[in-house]
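Student: query07.txt (compact mmCIF, C-alpha atoms (C1' of nucleotides)) pasted underneath:
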# COMPACT_ATOMS: atom_id res chain seq x y z
CA MET A 8 0.00 0.00 0.00
CA GLN A 9 2.96 2.26 -0.63
CA VAL A 10 3.96 4.55 -3.45
CA THR A 11 7.11 3.13 -5.02
CA LYS A 12 10.19 5.20 -5.71
CA THR A 13 9.76 4.41 -9.38
CA LEU A 14 6.33 6.01 -9.46
CA ASP A 15 7.67 8.99 -7.54
CA TYR A 16 10.46 9.37 -10.10
CA ALA A 17 7.98 9.23 -12.97
CA VAL A 18 5.70 11.85 -11.45
CA ARG A 19 8.61 14.10 -10.63
CA SER A 20 10.01 13.83 -14.15
CA LEU A 21 6.66 14.67 -15.71
CA THR A 22 5.82 17.56 -13.42
CA TYR A 23 9.32 18.90 -13.98
CA MET A 24 8.85 18.78 -17.72
CA GLY A 25 5.42 20.33 -17.47
CA ASN A 26 6.75 23.17 -15.38
CA GLN A 27 9.55 24.26 -17.73
CA PRO A 28 9.05 26.75 -20.56
CA VAL A 29 11.16 24.60 -22.87
CA GLU A 30 9.61 21.59 -24.53
CA LYS A 31 12.46 19.16 -24.89
CA HIS A 32 14.44 17.70 -22.01
CA SER A 33 17.33 15.27 -22.14
CA MET A 34 17.62 12.38 -19.71
CA LYS A 35 20.76 13.97 -18.34
CA GLU A 36 18.92 17.16 -17.56
CA ILE A 37 16.00 15.44 -15.84
CA SER A 38 18.31 13.08 -14.01
CA HIS A 39 20.42 15.93 -12.73
CA GLU A 40 17.60 18.32 -11.86
CA GLN A 41 15.46 15.73 -10.13
CA HIS A 42 18.25 13.64 -8.60
CA ILE A 43 17.25 10.42 -10.31
CA PRO A 44 19.89 7.82 -11.24
CA LEU A 45 20.44 8.23 -14.99
CA ASN A 46 20.33 4.57 -15.95
CA TYR A 47 17.28 3.94 -13.87
CA LEU A 48 15.52 6.96 -15.30
CA ALA A 49 16.08 5.43 -18.73
CA LYS A 50 13.91 2.47 -17.81
CA ILE A 51 11.20 4.68 -16.42
CA MET A 52 11.09 6.95 -19.45
CA ARG A 53 10.65 4.01 -21.76
CA ARG A 54 7.45 3.03 -20.00
CA LEU A 55 6.16 6.58 -20.31
CA VAL A 56 7.04 6.54 -23.99
CA LYS A 57 5.32 3.18 -24.49
CA LYS A 58 2.17 4.50 -22.83
CA GLY A 59 2.22 7.51 -25.11
CA LEU A 60 2.63 10.10 -22.39
CA VAL A 61 5.95 11.26 -23.75
CA ARG A 62 7.67 11.44 -27.14
CA SER A 63 11.37 10.73 -27.54
CA THR A 64 13.82 11.96 -30.13
CA LEU A 65 17.21 10.40 -30.75
CA GLY A 66 20.57 11.82 -31.64
CA PRO A 67 22.32 14.94 -30.36
CA ASP A 68 19.87 17.50 -29.02
CA GLY A 69 17.44 14.61 -28.55
CA GLY A 70 15.33 14.13 -25.45
CA TYR A 71 11.76 13.85 -24.24
CA THR A 72 8.66 15.96 -24.80
CA LEU A 73 5.22 15.74 -23.23
CA ARG A 74 2.73 14.48 -25.79
CA LYS A 75 -0.20 16.25 -24.16
CA LEU A 76 -0.71 19.40 -22.17
CA PRO A 77 -0.18 19.16 -18.40
CA ASN A 78 -3.92 19.49 -17.86
CA GLU A 79 -4.54 16.53 -20.15
CA ILE A 80 -2.29 14.09 -18.30
CA ASN A 81 -3.82 12.66 -15.16
CA LEU A 82 -2.16 10.62 -12.45
CA ARG A 83 -4.01 7.46 -13.31
CA ASP A 84 -2.25 7.39 -16.68
CA VAL A 85 1.09 7.80 -14.97
CA TYR A 86 0.30 5.21 -12.32
CA GLU A 87 -0.75 2.62 -14.88
CA ALA A 88 2.23 3.34 -17.11
CA ILE A 89 4.53 2.49 -14.22
CA GLU A 90 2.68 -0.07 -12.12
CA GLY A 91 0.27 -1.58 -14.61
CA GLU A 92 -3.42 -1.95 -13.95
CA ILE A 93 -4.58 -0.75 -10.55
CA ARG A 94 -5.69 -3.69 -8.45
CA MET A 95 -5.90 -3.78 -4.65
CA VAL A 96 -6.28 -7.56 -4.41
CA ASP A 97 -5.37 -10.30 -6.84
CA CYS A 98 -8.85 -11.78 -6.81
CA MET A 99 -10.07 -8.63 -8.54
CA ASP A 100 -8.28 -9.95 -11.60
CA LYS A 101 -10.89 -11.55 -13.81
CA ASP A 102 -8.48 -14.33 -14.74
CA THR A 103 -8.03 -15.33 -11.12
CA VAL A 104 -10.45 -17.80 -9.63
CA CYS A 105 -11.43 -17.51 -5.97
CA ALA A 106 -13.86 -19.98 -4.48
CA LEU A 107 -15.14 -17.38 -2.03
CA TYR A 108 -15.62 -14.69 -4.62
CA GLU A 109 -19.40 -14.56 -4.50
CA ALA A 110 -19.62 -14.43 -0.73
CA CYS A 111 -16.31 -12.78 0.13
CA PRO A 112 -16.85 -10.29 2.97
CA GLN A 113 -13.74 -8.26 2.20
CA LEU A 114 -14.03 -7.69 -1.50
CA PRO A 115 -16.56 -4.84 -1.35
CA VAL A 116 -14.30 -2.90 1.01
CA TRP A 117 -11.15 -3.18 -1.11
CA ASP A 118 -13.26 -2.37 -4.11
CA ARG A 119 -14.58 0.80 -2.49
CA ILE A 120 -11.08 1.88 -1.57
CA GLN A 121 -9.79 1.15 -5.04
CA LEU A 122 -12.60 3.09 -6.67
CA SER A 123 -12.02 6.13 -4.50
CA MET A 124 -8.31 5.96 -5.19
CA VAL A 125 -8.80 5.69 -8.94
CA LYS A 126 -11.20 8.61 -8.86
CA ILE A 127 -8.71 10.85 -7.09
CA LEU A 128 -5.94 9.80 -9.48
CA GLU A 129 -8.15 10.47 -12.48
CA ASP A 130 -9.22 13.83 -11.16
CA THR A 131 -5.67 15.00 -10.64
CA THR A 132 -3.68 16.29 -13.61
CA LEU A 133 -0.09 17.43 -13.79
CA GLU A 134 -1.37 20.97 -13.97
CA ASP A 135 -3.34 20.54 -10.76
CA MET A 136 -0.22 19.39 -8.99
CA LEU A 137 1.87 22.26 -10.31
CA LYS A 138 -0.75 24.82 -9.32
CA GLU A 139 -0.98 23.35 -5.87
CA ARG A 140 2.76 23.55 -5.56
CA LYS A 141 2.84 27.21 -6.52
CA THR A 142 0.19 27.98 -3.97
CA LEU A 143 2.24 26.21 -1.36
CA LYS A 144 5.29 28.21 -2.33
CA MET A 145 3.44 31.49 -2.08
CA ASN A 146 2.12 30.57 1.32
CA GLN A 147 5.63 29.82 2.35
CA VAL A 148 6.89 33.22 1.21
CA ASN A 149 4.20 35.22 2.98
CA MET B 17 -0.64 -0.71 -3.43
CA GLN B 18 -1.80 -4.25 -2.84
CA VAL B 19 -3.48 -6.03 0.02
CA THR B 20 -1.04 -8.61 1.37
CA LYS B 21 -2.00 -12.22 1.97
CA THR B 22 -1.17 -11.69 5.62
CA LEU B 23 -3.79 -8.96 5.94
CA ASP B 24 -6.27 -11.11 4.07
CA TYR B 25 -5.60 -13.99 6.50
CA ALA B 26 -6.10 -11.70 9.47
CA VAL B 27 -9.39 -10.32 8.19
CA ARG B 28 -10.63 -13.77 7.32
CA SER B 29 -9.73 -15.13 10.74
CA LEU B 30 -11.50 -12.31 12.51
CA THR B 31 -14.63 -12.35 10.39
CA TYR B 32 -14.75 -16.11 10.79
CA MET B 33 -14.59 -15.78 14.57
CA GLY B 34 -17.16 -13.02 14.55
CA ASN B 35 -19.52 -15.10 12.52
CA GLN B 36 -19.52 -18.20 14.74
CA PRO B 37 -21.87 -18.63 17.70
CA VAL B 38 -19.04 -20.04 19.82
CA GLU B 39 -16.61 -17.66 21.45
CA LYS B 40 -13.38 -19.59 21.53
CA HIS B 41 -11.53 -20.89 18.50
CA SER B 42 -8.28 -22.85 18.38
CA MET B 43 -5.61 -22.08 15.80
CA LYS B 44 -6.18 -25.52 14.33
CA GLU B 45 -9.84 -24.78 13.79
CA ILE B 46 -9.24 -21.39 12.16
CA SER B 47 -6.38 -22.74 10.10
CA HIS B 48 -8.49 -25.61 8.83
CA GLU B 49 -11.69 -23.69 8.22
CA GLN B 50 -10.03 -20.75 6.49
CA HIS B 51 -7.25 -22.67 4.73
CA ILE B 52 -4.44 -20.73 6.36
CA PRO B 53 -1.08 -22.43 7.04
CA LEU B 54 -1.07 -23.23 10.77
CA ASN B 55 2.41 -21.99 11.57
CA TYR B 56 1.88 -18.81 9.66
CA LEU B 57 -1.45 -18.19 11.32
CA ALA B 58 0.36 -18.37 14.64
CA LYS B 59 2.43 -15.33 13.74
CA ILE B 60 -0.60 -13.41 12.57
CA MET B 61 -2.61 -14.15 15.69
CA ARG B 62 0.28 -12.95 17.81
CA ARG B 63 -0.03 -9.48 16.29
CA LEU B 64 -3.77 -9.41 16.80
CA VAL B 65 -3.25 -10.38 20.43
CA LYS B 66 -0.61 -7.70 20.91
CA LYS B 67 -2.94 -5.07 19.49
CA GLY B 68 -5.67 -6.16 21.86
CA LEU B 69 -8.12 -7.29 19.22
CA VAL B 70 -8.07 -10.86 20.44
CA ARG B 71 -7.47 -12.67 23.72
CA SER B 72 -5.60 -15.96 23.89
CA THR B 73 -5.84 -18.81 26.41
CA LEU B 74 -3.24 -21.54 26.74
CA GLY B 75 -3.47 -25.24 27.47
CA PRO B 76 -5.91 -27.84 26.20
CA ASP B 77 -9.19 -26.27 25.15
CA GLY B 78 -7.29 -23.02 24.73
CA GLY B 79 -7.67 -20.70 21.74
CA TYR B 80 -8.63 -17.21 20.74
CA THR B 81 -11.58 -14.97 21.53
CA LEU B 82 -12.56 -11.58 20.13
CA ARG B 83 -12.03 -8.92 22.80
CA LYS B 84 -14.73 -6.67 21.38
CA LEU B 85 -17.98 -7.11 19.55
CA PRO B 86 -17.80 -7.39 15.75
CA ASN B 87 -19.33 -3.93 15.42
CA GLU B 88 -16.60 -2.49 17.63
CA ILE B 89 -13.67 -3.75 15.56
CA ASN B 90 -12.99 -1.73 12.45
CA LEU B 91 -10.69 -2.53 9.56
CA ARG B 92 -8.23 0.20 10.42
CA ASP B 93 -7.44 -1.57 13.68
CA VAL B 94 -6.84 -4.79 11.80
CA TYR B 95 -4.78 -3.12 9.11
CA GLU B 96 -2.54 -1.39 11.61
CA ALA B 97 -2.16 -4.52 13.71
CA ILE B 98 -0.78 -6.31 10.67
CA GLU B 99 0.96 -3.66 8.58
CA GLY B 100 1.73 -0.99 11.14
CA GLU B 101 0.88 2.66 10.70
CA ILE B 102 -0.81 3.50 7.38
CA ARG B 103 1.51 5.57 5.24
CA MET B 104 1.32 5.93 1.45
CA VAL B 105 4.75 7.52 1.09
CA ASP B 106 7.75 7.46 3.38
CA CYS B 107 8.05 11.24 3.48
CA MET B 108 4.76 11.32 5.37
CA ASP B 109 6.74 9.95 8.29
CA LYS B 110 7.50 12.84 10.59
CA ASP B 111 10.96 11.45 11.30
CA THR B 112 11.87 11.48 7.61
CA VAL B 113 13.35 14.62 6.17
CA CYS B 114 12.58 15.58 2.57
CA ALA B 115 14.06 18.73 1.10
CA LEU B 116 11.09 19.20 -1.17
CA TYR B 117 8.51 18.69 1.52
CA GLU B 118 7.17 22.25 1.58
CA ALA B 119 6.79 22.52 -2.18
CA CYS B 120 6.23 18.88 -3.11
CA PRO B 121 3.56 18.68 -5.83
CA GLN B 122 2.69 15.06 -5.14
CA LEU B 123 2.25 15.01 -1.41
CA PRO B 124 -1.26 16.50 -1.33
CA VAL B 125 -2.49 13.82 -3.71
CA TRP B 126 -1.13 10.87 -1.79
CA ASP B 127 -2.40 12.47 1.35
CA ARG B 128 -5.91 12.76 -0.07
CA ILE B 129 -5.85 9.14 -1.14
CA GLN B 130 -4.56 8.02 2.23
CA LEU B 131 -7.22 10.00 4.08
CA SER B 132 -10.02 8.55 1.99
CA MET B 133 -8.64 5.07 2.48
CA VAL B 134 -8.33 5.48 6.24
CA LYS B 135 -11.88 6.81 6.40
CA ILE B 136 -13.28 3.80 4.59
CA LEU B 137 -11.28 1.42 6.77
CA GLU B 138 -12.44 3.18 9.92
CA ASP B 139 -16.04 3.17 8.80
CA THR B 140 -16.05 -0.55 8.12
CA THR B 141 -16.46 -2.96 11.03
CA LEU B 142 -16.37 -6.73 11.07
CA GLU B 143 -20.13 -6.66 11.46
CA ASP B 144 -20.52 -4.54 8.34
CA MET B 145 -18.54 -7.04 6.37
CA LEU B 146 -20.52 -9.99 7.68
CA LYS B 147 -23.82 -8.29 6.92
CA GLU B 148 -22.68 -7.47 3.44
CA ARG B 149 -21.68 -11.05 2.92
CA LYS B 150 -25.07 -12.32 3.99
CA THR B 151 -26.76 -9.95 1.60
CA LEU B 152 -24.56 -11.23 -1.16
CA LYS B 153 -25.40 -14.81 -0.27
CA MET B 154 -29.11 -14.13 -0.36
CA ASN B 155 -28.77 -12.46 -3.70
CA GLN B 156 -26.95 -15.51 -4.89
CA VAL B 157 -29.71 -17.82 -3.75
CA ASN B 158 -32.51 -15.85 -5.30
C1' DA C 2 32.84 10.67 -39.37
C1' DT C 3 31.93 11.39 -34.93
C1' DA C 4 29.95 12.81 -30.82
C1' DT C 5 25.57 12.72 -28.57
C1' DC C 6 21.44 11.15 -27.52
C1' DA C 7 17.84 7.13 -26.43
C1' DT C 8 16.97 1.87 -26.58
C1' DG C 9 16.83 -2.68 -24.81
C1' DG C 10 18.63 -6.42 -22.56
C1' DA C 11 21.29 -8.75 -18.98
C1' DC C 12 22.75 -8.58 -14.54
C1' DT C 13 23.23 -7.52 -9.33
C1' DT C 14 21.70 -6.31 -4.80
C1' DC C 15 18.68 -6.03 -1.07
C1' DG C 16 14.54 -6.14 1.42
C1' DT C 17 10.34 -8.32 2.45
C1' DG C 18 6.26 -11.31 2.08
C1' DA C 19 5.15 -15.85 2.95
C1' DC C 20 6.17 -19.30 4.76
C1' DT C 21 8.56 -23.59 7.99
C1' DC C 22 10.64 -25.61 12.18
C1' DC C 23 11.36 -26.18 16.81
C1' DA C 24 12.13 -25.62 21.69
C1' DC C 25 9.48 -23.71 25.35
C1' DA C 26 5.61 -22.19 28.48
C1' DA C 27 1.07 -22.61 30.24
C1' DT C 28 -2.79 -25.46 31.67
C1' DA C 29 -6.79 -28.81 31.65
C1' DT C 30 -7.67 -33.51 32.62
C1' DG C 31 -7.07 -38.20 34.29
C1' DC D 8 1.72 -35.41 39.45
C1' DA D 9 2.17 -36.74 34.45
C1' DT D 10 0.93 -35.98 30.09
C1' DA D 11 -1.31 -34.28 26.22
C1' DT D 12 -2.82 -30.09 24.24
C1' DT D 13 -2.71 -25.55 23.37
C1' DG D 14 -0.32 -20.92 22.22
C1' DT D 15 4.58 -18.32 22.28
C1' DG D 16 8.66 -16.63 20.24
C1' DG D 17 12.73 -16.87 17.80
C1' DA D 18 15.53 -18.42 13.92
C1' DG D 19 15.82 -19.80 9.44
C1' DT D 20 14.32 -20.61 4.29
C1' DC D 21 12.74 -19.30 -0.28
C1' DA D 22 11.10 -16.62 -4.00
C1' DC D 23 10.13 -12.42 -5.95
C1' DG D 24 10.22 -7.73 -7.02
C1' DA D 25 11.96 -2.96 -6.33
C1' DA D 26 15.89 -0.36 -7.25
C1' DG D 27 19.81 0.21 -9.55
C1' DT D 28 24.08 -0.83 -12.78
C1' DC D 29 26.39 -1.87 -17.20
C1' DC D 30 26.89 -2.17 -21.87
C1' DA D 31 26.27 -2.96 -26.74
C1' DT D 32 23.31 -1.08 -30.28
C1' DG D 33 20.65 2.30 -33.03
C1' DA D 34 19.45 6.90 -34.54
C1' DT D 35 20.78 11.59 -35.90
C1' DA D 36 22.57 16.47 -35.78
C1' DT D 37 26.85 18.83 -36.88
Mind converting the file's structure to structure tokens?
Tutor:
Amino acid sequence: MQVTKTLDYAVRSLTYMGNQPVEKHSMKEISHEQHIPLNYLAKIMRRLVKKGLVRSTLGPDGGYTLRKLPNEINLRDVYEAIEGEIRMVDCMDKDTVCALYEACPQLPVWDRIQLSMVKILEDTTLEDMLKERKTLKMNQVN
Amino acid sequence: MQVTKTLDYAVRSLTYMGNQPVEKHSMKEISHEQHIPLNYLAKIMRRLVKKGLVRSTLGPDGGYTLRKLPNEINLRDVYEAIEGEIRMVDCMDKDTVCALYEACPQLPVWDRIQLSMVKILEDTTLEDMLKERKTLKMNQVN
DNA sequence: ATATCATGGACTTCGTGACTCCACAATATG
DNA sequence: CATATTGTGGAGTCACGAAGTCCATGATAT
């Protein structure tokens, strides 16, 4: 029930990109600015590319660009790009068979929690997070 | 972000006990009825005893008894007995220092999710789960 | 042609979930 | 009192996945 470092890295990379005026960012830049191990970041970025959240260009002056606007990328997309489908318990997988399924007392609870979690993730875009951060910063200054 | 088997075992043991007319249940009985490895169940029960959810008696005819009524035991108690304090990200730990804490864009989101999860867990008692199960069963029969 | 970027795979390390095993302590019953 | 029956508590095993490293390869701007 914990947020992995990998997911944290992904979110940080994306919010960083969304917050910069420039469009293109090299792995080196992101790695350095966000303190993420370069080689590990490479693996993370590939998943974001595969999911279509980010476009990559090769060669010198290559790098990554957000494929959508920050207000069009929600956290559910990011979560699923990194962790795969959201599933609180294995028996929620339709391929898994559980003898108790029909009468399982727990399932409705985990389902409720999962639904509320998914809703919050869906309702939160990169832009929301960046706005919230700026508000926090202003509060800090005053 | 998954429910561990251990937590599942704990919940199943408790709901099983809460659903039986008898008060006392041996590890053997619970293990057999709920298909939980005996030796592993022993470790789980220890945590429930330590947290005060269950009382244990030794010797022949010994076993475990719920210390409260099923409507007085909520899932948060069970969760924390098994997994410890609920915390989505490590930086929510007050002993952990994070340089970005004040301006972290993600923290509010994980916090919202954690709060909604805790609320659902707190609002759900063993009795709630058992009632829900019975409803499900009836639906199944009809 | 070469330096600079991302890609993709193999590999290592470490922690933890899910167990097992066993010696020990308490206690009910004959 | 002896013994069988129960839970206690600690050590140890095993597999898997998160986190991270390394490197050969492929694309491309200059």
Student: Using all atoms listed in the file, what table do you get, as CSV, when you list each residue of chain C with an atom no more than 9 Å from chain A, its nearest pair of atoms, and their distance in Å rounded to one decimal, rows by chain then rising number?
Tutor:
residue,atom,partner,partner_atom,distance
C:DA4,C1',A:Pro67,CA,7.9
C:DT5,C1',A:Pro67,CA,4.3
C:DC6,C1',A:Gly66,CA,4.3
C:DA7,C1',A:Leu65,CA,5.5
C:DT8,C1',A:Arg53,CA,8.2
Student: Any idea what the distance is between atom CA of B:Val134 and atom CA of B:Gly100?
Tutor: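 It comes out at 12.9 Å.
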Student: Considering all atoms listed in the file, return as a PyMOL selection string whatever protein or nucleic-acid residues lie within 12 Å of C:DC15, sequence-local ones (same chain, fewer than 2 positions apart) excluded.
Tutor: (chain C and resi 13+17) or (chain D and resi 23-27)
Student: For a quick test of understanding: name the residues of chain D lying within 7 Å of chain B when counting only C-alpha atoms (C1' of nucleotides), and present them as a ChimeraX atom specification.
Tutor: /D:12-14
Student: Using all atoms listed in the file, which residue out of B:Leu146, B:Ile98, B:Val38, B:Ile46 lies closest to chain A?
Tutor: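 Among B:Leu146, B:Ile98, B:Val38, B:Ile46, it is B:Leu146 that comes nearest to chain A.
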Student: Find the distance between atom CA of A:Arg119 and atom CA of B:Arg63 and write it in Å to one decimal.
Tutor: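 Interatomic distance here is 25.9 Å.
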Student: Considering all atoms listed in the file, return as a list in words whatever protein or nucleic-acid residues lie within 9 Å of A:Leu48, sequence-local ones (same chain, fewer than 6 positions apart) excluded.
Tutor: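 The filter keeps Thr13, Tyr16, Ala17, Ser20, Met34, Ile37 and Ser38 of chain A.
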Student: For chain A, work out the contacting residues on chain B at 6 Å, counting only C-alpha atoms, and write them as a list in words.
Tutor: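 In the required form, that comes to Met17, Gln18, Val19, Met104, Val105, Ala119, Pro121, Ile129, Met133, Met145, Leu146, Arg149, Leu152 and Lys153 of chain B.
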Student: Between atom CA of A:Lys58 and atom CA of A:Ala88, measure the distance and give it in Å to one decimal.
Tutor: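 Taking atom CA of A:Lys58 as the start and atom CA of A:Ala88 as the end point, the length is 5.8 Å.
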Student: Looking at A:Ile43, A:Leu14, A:Cys98, A:Leu21, which one is nearest to A:Ile80, with distances taken over only C-alpha atoms?
Tutor: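 Of the candidates, the smallest distance to A:Ile80 is held by A:Leu21.
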